[in-house]
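The structure file structure_34.cif is reproduced below (mmCIF, C-alpha atoms and all ligand atoms).
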data_my_file
loop_
_atom_site.label_atom_id
_atom_site.label_comp_id
_atom_site.auth_asym_id
_atom_site.auth_seq_id
_atom_site.Cartn_x
_atom_site.Cartn_y
_atom_site.Cartn_z
CA MET A 1 61.27 153.17 89.01
CA SER A 2 62.24 155.93 91.38
CA THR A 3 59.77 154.80 94.02
CA ASN A 4 60.79 151.20 93.47
CA THR A 5 64.47 151.82 94.18
CA GLU A 6 63.54 153.63 97.35
CA LEU A 7 61.25 150.79 98.37
CA LEU A 8 63.94 148.25 97.71
CA GLN A 9 66.44 150.23 99.71
CA ASN A 10 64.14 150.43 102.73
CA GLN A 11 63.17 146.82 102.44
CA LEU A 12 66.81 145.74 102.36
CA ALA A 13 67.68 147.89 105.35
CA ALA A 14 64.79 146.36 107.30
CA GLU A 15 65.72 142.81 106.39
CA LEU A 16 69.37 143.39 107.19
CA SER A 17 68.50 144.64 110.64
CA GLU A 18 66.89 141.24 111.29
CA ALA A 19 69.79 139.17 109.96
CA ARG A 20 71.98 137.66 112.68
CA GLU A 21 73.91 134.88 111.02
CA PRO A 22 76.47 135.13 108.22
CA LYS A 23 74.32 132.80 106.15
CA ASP A 24 71.29 135.11 106.46
CA ILE A 25 73.37 138.01 105.22
CA GLU A 26 74.72 135.96 102.35
CA ALA A 27 71.14 135.03 101.44
CA LEU A 28 70.24 138.72 101.35
CA ARG A 29 73.26 139.47 99.18
CA VAL A 30 72.07 136.89 96.67
CA LYS A 31 68.48 138.12 96.92
CA TYR A 32 69.39 141.73 96.15
CA LEU A 33 72.74 141.78 94.39
CA GLY A 34 72.76 138.36 92.72
CA ARG A 35 72.54 138.00 88.98
CA GLN A 36 68.90 136.99 89.30
CA GLY A 37 68.44 139.37 92.22
CA LEU A 38 65.93 142.16 92.85
CA ILE A 39 68.19 144.99 91.71
CA ALA A 40 69.02 143.28 88.44
CA GLY A 41 65.27 142.54 88.10
CA GLU A 42 64.54 146.21 88.54
CA VAL A 43 66.72 147.06 85.56
CA ARG A 44 65.32 144.22 83.50
CA GLY A 45 61.74 145.29 84.31
CA THR A 46 62.22 148.80 83.02
CA ASP A 47 61.26 149.66 79.45
CA PHE A 48 63.98 152.14 78.60
CA SER A 49 62.52 152.88 75.16
CA THR A 50 59.73 154.84 76.80
CA LEU A 51 62.17 157.08 78.69
CA SER A 52 63.76 160.33 77.58
CA GLU A 53 67.57 160.72 77.65
CA GLU A 54 67.37 162.63 80.90
CA GLU A 55 65.07 159.99 82.47
CA LYS A 56 67.42 157.23 81.39
CA ARG A 57 70.36 158.95 83.05
CA GLU A 58 68.30 159.47 86.18
CA ALA A 59 67.22 155.80 86.26
CA GLY A 60 70.87 154.74 85.85
CA ARG A 61 71.94 156.97 88.72
CA ARG A 62 69.24 155.55 90.99
CA VAL A 63 70.15 151.94 90.28
CA SER A 64 73.86 152.69 90.81
CA SER A 65 73.25 154.36 94.09
CA LEU A 66 70.94 151.56 95.22
CA LYS A 67 73.64 149.07 94.34
CA ALA A 68 76.27 151.05 96.20
CA PHE A 69 73.96 151.27 99.20
CA ALA A 70 73.30 147.53 99.13
CA GLU A 71 76.99 146.67 98.88
CA ALA A 72 77.95 148.97 101.70
CA ALA A 73 75.07 147.91 103.97
CA ILE A 74 75.69 144.22 103.43
CA GLY A 75 79.44 144.65 104.02
CA GLU A 76 78.70 146.52 107.22
CA ALA A 77 76.23 143.89 108.45
CA ARG A 78 78.75 141.18 107.72
CA ALA A 79 81.45 142.98 109.69
CA LYS A 80 79.01 143.37 112.55
CA THR A 81 78.18 139.66 112.79
CA GLU A 82 81.85 138.82 112.67
CA GLU A 83 82.56 141.28 115.42
CA ARG A 84 79.69 139.89 117.47
CA ALA A 85 81.01 136.34 116.98
CA ALA A 86 84.52 137.44 117.96
CA ARG A 87 83.20 139.16 121.05
CA ALA A 88 81.22 136.05 122.02
CA ARG A 89 84.31 133.93 121.50
CA ARG A 90 86.34 136.25 123.70
CA ARG A 91 83.77 135.96 126.42
CA GLY A 92 83.60 132.21 125.97
CA LEU A 93 80.00 132.45 124.88
CA VAL A 94 79.79 129.68 122.38
CA ASP A 95 76.41 128.64 121.11
CA LEU A 96 76.58 124.93 121.78
CA THR A 97 73.37 124.30 119.88
CA LEU A 98 74.99 125.25 116.56
CA PRO A 99 76.00 122.32 114.36
CA GLY A 100 79.74 121.63 114.45
CA THR A 101 81.97 121.78 111.40
CA GLY A 102 82.64 118.04 111.59
CA ALA A 103 86.05 116.43 111.70
CA ARG A 104 87.37 114.97 108.47
CA ALA A 105 88.61 111.46 108.98
CA GLY A 106 91.93 110.82 107.28
CA SER A 107 92.69 107.56 105.52
CA LEU A 108 95.70 105.55 104.46
CA HIS A 109 97.19 106.23 101.07
CA PRO A 110 96.64 103.30 98.66
CA VAL A 111 100.41 102.72 98.47
CA THR A 112 100.55 102.58 102.27
CA GLN A 113 97.65 100.13 102.32
CA THR A 114 99.40 97.83 99.86
CA GLN A 115 102.70 98.18 101.70
CA MET A 116 101.16 97.32 105.07
CA PHE A 117 99.42 94.31 103.61
CA LEU A 118 102.69 93.01 102.13
CA GLU A 119 104.55 93.70 105.37
CA ASP A 120 102.01 91.56 107.25
CA VAL A 121 102.39 88.69 104.81
CA PHE A 122 106.18 88.77 105.00
CA GLN A 123 106.27 89.18 108.75
CA SER A 124 104.14 86.05 109.01
CA MET A 125 106.92 84.29 107.07
CA GLY A 126 109.58 85.52 109.48
CA PHE A 127 110.84 88.55 107.52
CA ARG A 128 111.80 91.77 109.31
CA VAL A 129 110.88 95.17 107.88
CA GLU A 130 113.61 97.75 107.30
CA THR A 131 112.97 101.08 105.62
CA GLY A 132 116.58 102.06 104.95
CA PHE A 133 117.50 105.60 103.89
CA GLU A 134 116.12 107.74 101.11
CA VAL A 135 119.36 109.71 101.00
CA GLU A 136 122.05 107.14 100.31
CA ASP A 137 125.76 106.78 99.74
CA GLU A 138 126.90 105.99 96.24
CA PHE A 139 128.50 102.89 97.74
CA TYR A 140 125.28 101.24 98.93
CA ASN A 141 123.20 102.28 95.94
CA PHE A 142 125.75 101.20 93.33
CA ASP A 143 129.25 99.93 94.16
CA ALA A 144 128.24 97.45 96.85
CA LEU A 145 125.67 96.07 94.41
CA ASN A 146 128.32 95.22 91.85
CA ILE A 147 127.67 98.39 89.87
CA PRO A 148 131.04 100.18 89.80
CA GLY A 149 131.43 103.74 88.49
CA ASP A 150 131.90 102.81 84.84
CA HIS A 151 129.18 100.16 84.75
CA PRO A 152 126.62 100.68 81.99
CA ALA A 153 123.80 99.74 84.37
CA ARG A 154 124.29 103.15 86.00
CA ASP A 155 122.84 104.70 82.88
CA MET A 156 119.54 102.95 83.59
CA HIS A 157 119.32 104.82 86.88
CA ASP A 158 118.97 108.53 86.13
CA THR A 159 120.21 109.63 89.48
CA PHE A 160 119.48 112.71 91.56
CA TRP A 161 122.91 113.58 92.96
CA LEU A 162 123.27 115.79 96.00
CA GLU A 163 125.96 118.44 96.29
CA ASP A 164 127.82 116.48 98.95
CA GLY A 165 128.24 113.48 96.63
CA ARG A 166 125.40 111.47 98.13
CA LEU A 167 122.26 110.66 96.15
CA LEU A 168 118.56 109.91 96.42
CA ARG A 169 118.36 106.12 96.26
CA THR A 170 117.31 104.88 92.85
CA HIS A 171 116.10 101.54 94.22
CA THR A 172 115.45 99.83 97.54
CA SER A 173 118.26 97.39 96.70
CA ALA A 174 120.44 100.06 98.33
CA THR A 175 119.34 98.68 101.69
CA GLN A 176 120.53 95.11 100.95
CA VAL A 177 124.17 95.50 101.95
CA ARG A 178 123.30 97.80 104.86
CA ALA A 179 121.05 95.06 106.26
CA MET A 180 123.66 92.33 105.68
CA ARG A 181 126.24 94.38 107.55
CA MET A 182 123.84 95.17 110.34
CA TYR A 183 122.31 91.74 110.92
CA GLY A 184 124.60 89.19 109.26
CA ALA A 185 123.27 85.79 108.19
CA PRO A 186 120.84 84.12 108.28
CA LEU A 187 118.62 87.02 107.30
CA ARG A 188 115.07 87.52 106.12
CA ALA A 189 114.14 91.12 105.48
CA VAL A 190 111.94 93.31 103.30
CA PHE A 191 112.71 96.93 102.45
CA PRO A 192 109.70 99.01 101.44
CA GLY A 193 110.22 102.62 100.51
CA ARG A 194 110.41 105.58 98.22
CA CYS A 195 112.86 105.65 95.36
CA PHE A 196 113.80 108.47 93.04
CA ARG A 197 114.84 108.74 89.43
CA ASN A 198 115.44 111.82 87.37
CA GLU A 199 113.13 110.78 84.54
CA ALA A 200 110.56 112.37 82.28
CA THR A 201 107.12 111.66 83.72
CA ASP A 202 104.10 110.11 82.03
CA THR A 203 101.19 107.87 83.05
CA SER A 204 103.54 105.11 84.21
CA HIS A 205 106.71 107.02 85.16
CA GLU A 206 107.28 109.34 88.06
CA THR A 207 110.44 110.79 89.58
CA THR A 208 109.25 109.38 92.91
CA PHE A 209 107.89 105.87 93.23
CA HIS A 210 107.77 103.00 95.71
CA GLN A 211 109.50 99.66 95.67
CA PHE A 212 109.27 96.69 97.99
CA GLU A 213 112.50 94.75 98.12
CA GLY A 214 112.98 91.33 99.65
CA LEU A 215 116.15 89.58 100.76
CA MET A 216 116.57 86.10 102.18
CA ILE A 217 119.94 84.67 103.14
CA ASP A 218 120.30 81.19 104.55
CA GLU A 219 122.22 77.97 104.28
CA ASP A 220 120.11 76.17 101.75
CA VAL A 221 118.50 78.93 99.72
CA THR A 222 118.15 77.97 96.08
CA VAL A 223 116.13 79.09 93.09
CA ALA A 224 113.43 76.69 94.29
CA THR A 225 113.20 78.79 97.48
CA VAL A 226 112.51 81.87 95.37
CA LEU A 227 109.64 80.10 93.65
CA ALA A 228 108.19 78.73 96.87
CA VAL A 229 108.28 82.06 98.71
CA MET A 230 106.85 83.94 95.76
CA GLU A 231 104.01 81.49 95.25
CA ALA A 232 103.18 81.65 98.97
CA LEU A 233 103.20 85.44 98.81
CA LEU A 234 101.09 85.74 95.68
CA ARG A 235 98.56 83.21 96.95
CA GLN A 236 97.96 85.53 99.89
CA VAL A 237 97.92 88.67 97.77
CA PHE A 238 95.38 87.34 95.29
CA GLY A 239 93.57 84.95 97.59
CA ARG A 240 93.80 81.95 95.25
CA GLU A 241 96.21 79.48 93.69
CA VAL A 242 98.63 81.12 91.31
CA SER A 243 101.41 79.86 89.16
CA VAL A 244 104.64 81.62 88.32
CA ARG A 245 107.54 81.11 85.98
CA LEU A 246 111.07 82.47 85.77
CA ARG A 247 112.67 83.95 82.69
CA PRO A 248 116.31 85.00 82.56
CA GLY A 249 116.80 88.67 83.38
CA TYR A 250 119.90 90.75 83.94
CA PHE A 251 120.74 92.81 87.03
CA PRO A 252 124.37 93.24 88.12
CA PHE A 253 123.62 92.30 91.74
CA VAL A 254 121.99 88.92 91.08
CA GLU A 255 123.39 85.85 89.39
CA PRO A 256 121.48 84.16 87.96
CA GLY A 257 118.91 86.92 87.54
CA PHE A 258 115.27 86.41 86.57
CA GLU A 259 112.06 88.07 85.64
CA LEU A 260 109.24 86.44 87.53
CA ASP A 261 106.00 86.15 85.58
CA LEU A 262 102.57 85.41 86.96
CA ARG A 263 100.13 83.27 85.00
CA CYS A 264 97.50 85.76 83.93
CA LEU A 265 94.70 85.84 86.49
CA ILE A 266 92.26 87.39 84.04
CA CYS A 267 92.30 84.67 81.37
CA GLY A 268 93.95 81.84 83.32
CA GLY A 269 96.74 81.67 80.76
CA ASN A 270 94.69 81.43 77.58
CA GLY A 271 95.69 84.89 76.39
CA CYS A 272 93.83 88.18 76.73
CA ARG A 273 94.40 91.93 76.49
CA VAL A 274 95.87 92.26 79.97
CA CYS A 275 98.62 89.70 79.29
CA LYS A 276 98.95 90.82 75.67
CA GLN A 277 97.83 87.34 74.55
CA THR A 278 100.88 85.68 76.13
CA GLY A 279 99.10 84.13 79.15
CA TRP A 280 101.72 85.63 81.50
CA VAL A 281 102.13 88.98 83.27
CA GLU A 282 105.59 90.28 84.13
CA LEU A 283 105.60 90.86 87.88
CA MET A 284 109.03 91.37 89.40
CA PRO A 285 112.73 90.98 88.86
CA CYS A 286 114.61 88.69 91.23
CA GLY A 287 117.60 86.39 91.46
CA MET A 288 120.29 84.78 93.57
CA VAL A 289 122.40 87.40 95.34
CA HIS A 290 125.66 87.94 93.45
CA PRO A 291 128.86 86.73 95.25
CA ASN A 292 130.30 90.27 95.09
CA VAL A 293 127.26 91.59 96.96
CA LEU A 294 127.48 88.90 99.64
CA ARG A 295 131.15 89.77 99.98
CA ALA A 296 130.37 93.48 100.36
CA GLY A 297 127.85 92.53 103.06
CA GLY A 298 130.42 90.44 104.94
CA ILE A 299 128.48 87.20 104.48
CA ASP A 300 130.32 83.86 104.57
CA GLN A 301 129.81 82.59 101.06
CA ASP A 302 130.89 79.04 101.79
CA ARG A 303 127.96 78.71 104.08
CA TYR A 304 125.24 81.03 102.81
CA ARG A 305 123.31 81.80 99.66
CA GLY A 306 120.71 84.50 99.18
CA PHE A 307 117.92 85.55 96.91
CA ALA A 308 116.51 89.00 96.35
CA PHE A 309 113.48 90.40 94.59
CA GLY A 310 112.33 93.89 93.74
CA LEU A 311 108.58 94.37 93.70
CA GLY A 312 107.25 97.51 92.09
CA LEU A 313 105.04 98.60 94.98
CA THR A 314 103.65 101.54 93.06
CA ARG A 315 102.82 99.37 90.08
CA LEU A 316 101.19 96.71 92.21
CA THR A 317 99.09 99.39 93.91
CA MET A 318 97.95 100.77 90.58
CA MET A 319 96.97 97.28 89.39
CA ASN A 320 95.26 96.46 92.66
CA PHE A 321 93.20 99.69 92.84
CA SER A 322 92.82 100.25 89.08
CA ILE A 323 94.55 103.62 89.22
CA PRO A 324 95.32 104.59 85.64
CA ASP A 325 97.95 107.32 86.11
CA ILE A 326 100.95 107.11 88.45
CA ARG A 327 100.98 110.89 88.82
CA LEU A 328 97.67 110.78 90.69
CA LEU A 329 99.34 108.91 93.55
CA GLY A 330 101.63 111.74 94.58
CA SER A 331 99.24 114.54 93.72
CA GLY A 332 97.80 114.88 97.21
CA ASP A 333 94.39 115.20 95.56
CA LEU A 334 91.77 114.28 98.15
CA ARG A 335 89.35 113.29 95.40
CA LEU A 336 91.64 110.34 94.70
CA LEU A 337 92.37 109.51 98.33
CA ASP A 338 88.68 109.67 99.32
CA GLN A 339 88.03 106.73 97.02
CA PHE A 340 90.19 104.37 99.08
CA PRO A 341 89.09 105.16 102.62
CA ALA A 342 90.78 102.36 104.57
CA VAL A 343 91.83 103.53 108.02
CA LEU A 344 93.88 101.90 110.73
N1 LIG B 401 116.65 97.06 92.05
C1 LIG B 401 116.19 96.61 90.77
C2 LIG B 401 115.54 97.80 90.02
O1 LIG B 401 115.16 98.76 90.64
C3 LIG B 401 115.18 95.49 90.88
C4 LIG B 401 115.72 94.21 91.47
C5 LIG B 401 115.69 93.95 92.84
C6 LIG B 401 116.24 93.22 90.64
C7 LIG B 401 116.17 92.78 93.34
C8 LIG B 401 116.68 92.03 91.15
C9 LIG B 401 116.65 91.82 92.52
O2 LIG B 401 115.39 97.76 88.83
#
Exercise: express the given structure as C-alpha cells:
Amino acid sequence: MSTNTELLQNQLAAELSEAREPKDIEALRVKYLGRQGLIAGEVRGTDFSTLSEEEKREAGRRVSSLKAFAEAAIGEARAKTEERAARARRRGLVDLTLPGTGARAGSLHPVTQTQMFLEDVFQSMGFRVETGFEVEDEFYNFDALNIPGDHPARDMHDTFWLEDGRLLRTHTSATQVRAMRMYGAPLRAVFPGRCFRNEATDTSHETTFHQFEGLMIDEDVTVATVLAVMEALLRQVFGREVSVRLRPGYFPFVEPGFELDLRCLICGGNGCRVCKQTGWVELMPCGMVHPNVLRAGGIDQDRYRGFAFGLGLTRLTMMNFSIPDIRLLGSGDLRLLDQFPAVL
C-alpha cells in the first residue's frame, strides 16, 4: 500500500499538470476523491486483517496524507485555471471556439396568456382595456359599489388594509366607477388585474389572484345583451357553440344579479363528474349595474343602463391549462412555467 499511495500521488500530480479546463479538474477530483474514486478504492482493496496494529496506523496515515495532498493540489489547480481565465478576460482574450452558455428564452405566464387572449376578444368587440390600481381607495372598492361601511358583504372580502387607510383591491370591480368617471357613457371596458384577499390558502384559494372584469354601458343594454356578449365571448374562448343560462345571484353592485352557467362542455349537458352531474358549470357572476353605482359614476340613469361581469381569470387559466393548484401560479417555479412556453 505504501508504494501505491506514492504512485497515486505522482500520477495525480502528473495528470493535474495537464489539466487546463475546470471540467478536466473536476473529472480528476471525481476520479481520485470521489466515493468510487481511486483513493477510496485503495482503502477498499487493502486487507486490514493481515496487518499489525502499527501497520494499520501507518496505512491510515498514508491514505490521510494522500487525501490531503489531493485536496490541496486540486484546489490549487482550480484556482490557477480561474486566475488564467480572469487574466484572459482582462486581456480580452476570449476563446471564441468555446460553446456559449446559451440564452434562456422567457415565456408568458399562463395567466398572462389567458388575459391577452381575452383582451383580444373584447377589443374586437369594441371594449377598451383598463388595468386600474392595485392599491385602491375604500371608496372605489366598496362605497361606490353600494357596499357602505356596515354592509355585511364587506365580510366576504377579507381586506388587506394599508396604514394610510387605503387597501389592496379585493376585486377588479373597484375600477368600474373610476372608468365611469373618466370616460362617461357610452362605455365598453374590461379591467384585468391582480386582486388581494387576506384568506387562508389552499389548492383553490390564494391571497393574490387575477380577475377579469367587464363593464358595458349604453342606451339599450338589457339582460339579453349580457347573454349575447357572453355567448359571443365563450364561442371564441372554446372555439365552438356554447349555451349559457342565468341563475339569480346576489352582489350589492348589480341589480338584478346573476350567476352565469355554461352548459358542460365535457358531457354536453347530460351530467358528468366535471359538472357534478348537473349538466352546467358555474362560470361567472354578472348583472345589471345597480342605480347607486351608476349614480356614483356620474352616469345619466334616464338614458343609460349597464351590465357588469366578473370573470375569475385565475380560475379560467387553471381550467384551461389543467393546473391543479392555484399556489403553483405565483410560485415562480420555472418547472411550471416551462410547460407553457408561449412567447410574444
Ligand atoms: N366583484 C365580484 C367578486 O369579486 C364579482 C362580480 C363582478 C359580480 C361583476 C358581479 C358583477 O366577487
Find the residues near ligand LIG 401 (chain B). Use a cut-off of 9 Å, count all atoms listed in the file, and write them as number ranges by chain.
A: 156-157, 170-174, 195, 211-215, 249-254, 257-259, 284-289, 307-312
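For Asn292 in chain A, the non-local neighbours within 8 Å, defined as residues at least 3 positions apart in the same chain or in other chains and counting only C-alpha atoms, are Ala144, Leu145, Asn146, Phe253, Arg295 and Ala296 of chain A.
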Between CA of Val244 in chain A and CA of Met318 in chain A, distance in Å (one decimal)
20.4 Å
What does the distance from CA of Ala232 in chain A to CA of Leu316 in chain A come to in Å, to one decimal?
16.6 Å
Could you tell me which of A:Leu246, A:Leu93, A:Leu168, A:Ala189 comes closest to Phe122 in chain A if we count all atoms listed in the file?
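Counting all atoms listed in the file, the residue closest to Phe122 in chain A is A:Ala189.
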What does the distance between CA of Leu328 in chain A and CA of Leu167 in chain A come to in Å, to one decimal place?
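Here the two named atoms are 25.2 Å from each other.
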Please identify all polymer residues within 10 Å of Thr159 in chain A, counting all atoms listed in the file, omitting same-chain residues fewer than 4 positions from it, and present them as a list in words.
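Returned residues: Arg154, Asp155, Leu167, Leu168, Arg169, Thr170, Phe196, Arg197, Asn198, Glu199 and Thr207 of chain A.
Here the question is which of A:Thr175, A:Thr46, A:Thr114, A:Ser124 gets nearest to Glu138 in chain A using only C-alpha atoms, and that residue is A:Thr175.
Candidate residues A:Arg240, A:Asn141, A:Gly60, A:Arg44 were compared for distance to Arg178 in chain A, and the nearest is A:Asn141, using all atoms listed in the file.
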Residue with smallest distance to Arg62 in chain A - pool A:Pro99, A:Phe209, A:Thr5, A:Asp143, counting only C-alpha atoms:
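Looking only at the distances to Arg62 in chain A, the closest residue turns out to be A:Thr5.
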